[in-house]
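A short worksheet on the structure shown next.
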Amino acid sequence: MINDIKACGIEYEDTLHRFMNKQDMMVKFLKKFPEDANYSQMVENIDKRDYKMAFRNAHTLKGVVANLGIQSLYSHVSEITELLRDREEYEVDQQRLTEELMLLNEKYVEVCTVIRRIDSM
């Protein structure tokens with residue numbers, strides 16, 4: 001399972017260290033990640049063009065993925081955060097936002113699939 005975690009872009013060793021080398025605690029928090037509402041709320045708010053709320057969701061999600069060491073998501077959610085930061089609707093680069101959201105979604109599904117398969121390590 002550790003190889004699957006690493007393969008999907010989670011920095012296992014760094015994250016384990018962040019959790020004081022308590023693997024059970026790290027797994028507990030990883031398993032909560034797919035249930036975090038910020039991703040789905042961000043997508044919903046982007047669809048509604050409520051970019052202020054989408055920014056808040058993206059910014060929170062960025063912190064969560066950073067703390068959990070999910071580097072495969074971090075760059076995409078960081079880019080989305082910056083595309084939305086202090087922007088009015090007409091200022092948002094829709095093409096780049098759509099591209100980053102598609103890339104993020106692909107990795108998000110992969111990461112959540114791996115995390116949901118974790119029984120224990």
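So you can find residues: chains in the structure tokens are A, B, ... in the order shown, residues in each start at 1, and ligands are numbered from 1 in order.
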Residues within 10 Å of segment 16-25 of chain A, please, as a compact mmCIF listing (two decimals) with C-alpha atoms, in the first residue's frame. Count only C-alpha atoms; anything in the same chain fewer than 3 positions from it doesn't count.
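This went into result.txt:
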# COMPACT_ATOMS: atom_id res chain seq x y z
CA GLU A 11 5.10 12.20 -0.05
CA TYR A 12 4.92 9.33 2.42
CA GLU A 13 8.07 9.92 4.46
CA LYS A 28 -6.67 8.47 9.88
CA PHE A 29 -6.24 11.94 8.38
CA LEU A 30 -5.59 10.64 4.86
CA LYS A 31 -8.79 8.62 5.01
CA ASN A 67 -0.39 19.22 5.20
CA LEU A 68 -1.13 15.73 3.89
CA GLY A 69 1.80 15.83 1.48
CA SER A 120 -4.28 -0.26 7.45
CA MET A 121 -0.57 -0.26 7.01
**Item:** Contacts of segment 101-110 of chain A at 8 Å (only C-alpha atoms; same-chain gap of 2+ positions) as a PyMOL selection string
**Value:** chain A and resi 8+72-73+76-77+80+97-99+112-114
Can you write just those residues out, N, CA and C atoms, as a short mmCIF file (atom, residue, chain, number, x, y, z; two decimals), in the first residue's frame?
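Saved as part-v2.cif:
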data_model
loop_
_atom_site.label_atom_id
_atom_site.label_comp_id
_atom_site.auth_asym_id
_atom_site.auth_seq_id
_atom_site.Cartn_x
_atom_site.Cartn_y
_atom_site.Cartn_z
N CYS A 8 0.85 7.66 -6.25
CA CYS A 8 -0.20 8.63 -6.58
C CYS A 8 0.19 10.05 -6.20
N SER A 72 0.87 15.70 -5.79
CA SER A 72 0.27 15.56 -7.12
C SER A 72 -0.93 16.49 -7.30
N LEU A 73 -1.52 16.94 -6.21
CA LEU A 73 -2.64 17.88 -6.28
C LEU A 73 -2.19 19.31 -6.01
N HIS A 76 -1.62 21.93 -8.92
CA HIS A 76 -2.86 22.31 -9.64
C HIS A 76 -3.76 23.18 -8.78
N VAL A 77 -3.93 22.81 -7.53
CA VAL A 77 -4.80 23.61 -6.66
C VAL A 77 -4.15 24.95 -6.36
N ILE A 80 -4.93 27.08 -9.42
CA ILE A 80 -6.33 27.51 -9.38
C ILE A 80 -6.50 28.63 -8.35
N LEU A 97 -8.17 28.17 -16.25
CA LEU A 97 -8.92 27.63 -15.12
C LEU A 97 -9.52 26.28 -15.47
N THR A 98 -10.11 26.18 -16.64
CA THR A 98 -10.70 24.91 -17.09
C THR A 98 -9.63 23.83 -17.23
N GLU A 99 -8.49 24.19 -17.80
CA GLU A 99 -7.40 23.22 -17.97
C GLU A 99 -6.89 22.72 -16.62
N CYS A 112 -7.90 9.89 -4.40
CA CYS A 112 -9.02 9.42 -3.56
C CYS A 112 -9.24 7.92 -3.70
N THR A 113 -9.05 7.40 -4.89
CA THR A 113 -9.19 5.95 -5.11
C THR A 113 -8.16 5.19 -4.28
N VAL A 114 -6.93 5.64 -4.30
CA VAL A 114 -5.88 5.00 -3.53
C VAL A 114 -6.18 5.11 -2.03
#
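If you measure from each of A:Val64, A:Ala37, A:Glu100, A:Gln71 to Asp14 of chain A using only C-alpha atoms, the closest one turns out to be A:Gln71.
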message: To test your reading of the structure, identify every residue in chain A that backbone DSSP assigns to alpha helix (DSSP H), and report it as a PyMOL selection string.
response: chain A and resi 2-7+12-18+23-32+38-47+51-67+71-84+94-116
Self-check item: Close residues, Phe55 of chain A itself excluded, 12 Å, only C-alpha atoms, min 3 positions apart in chain, as JSON, numbers by chain
Solution: {"A": [38, 39, 41, 42, 43, 44, 45, 46, 49, 50, 51, 52, 58, 59, 60, 61, 62, 77, 78, 79, 80, 81, 82, 83, 84, 85, 86, 87, 88, 89, 92, 97]}
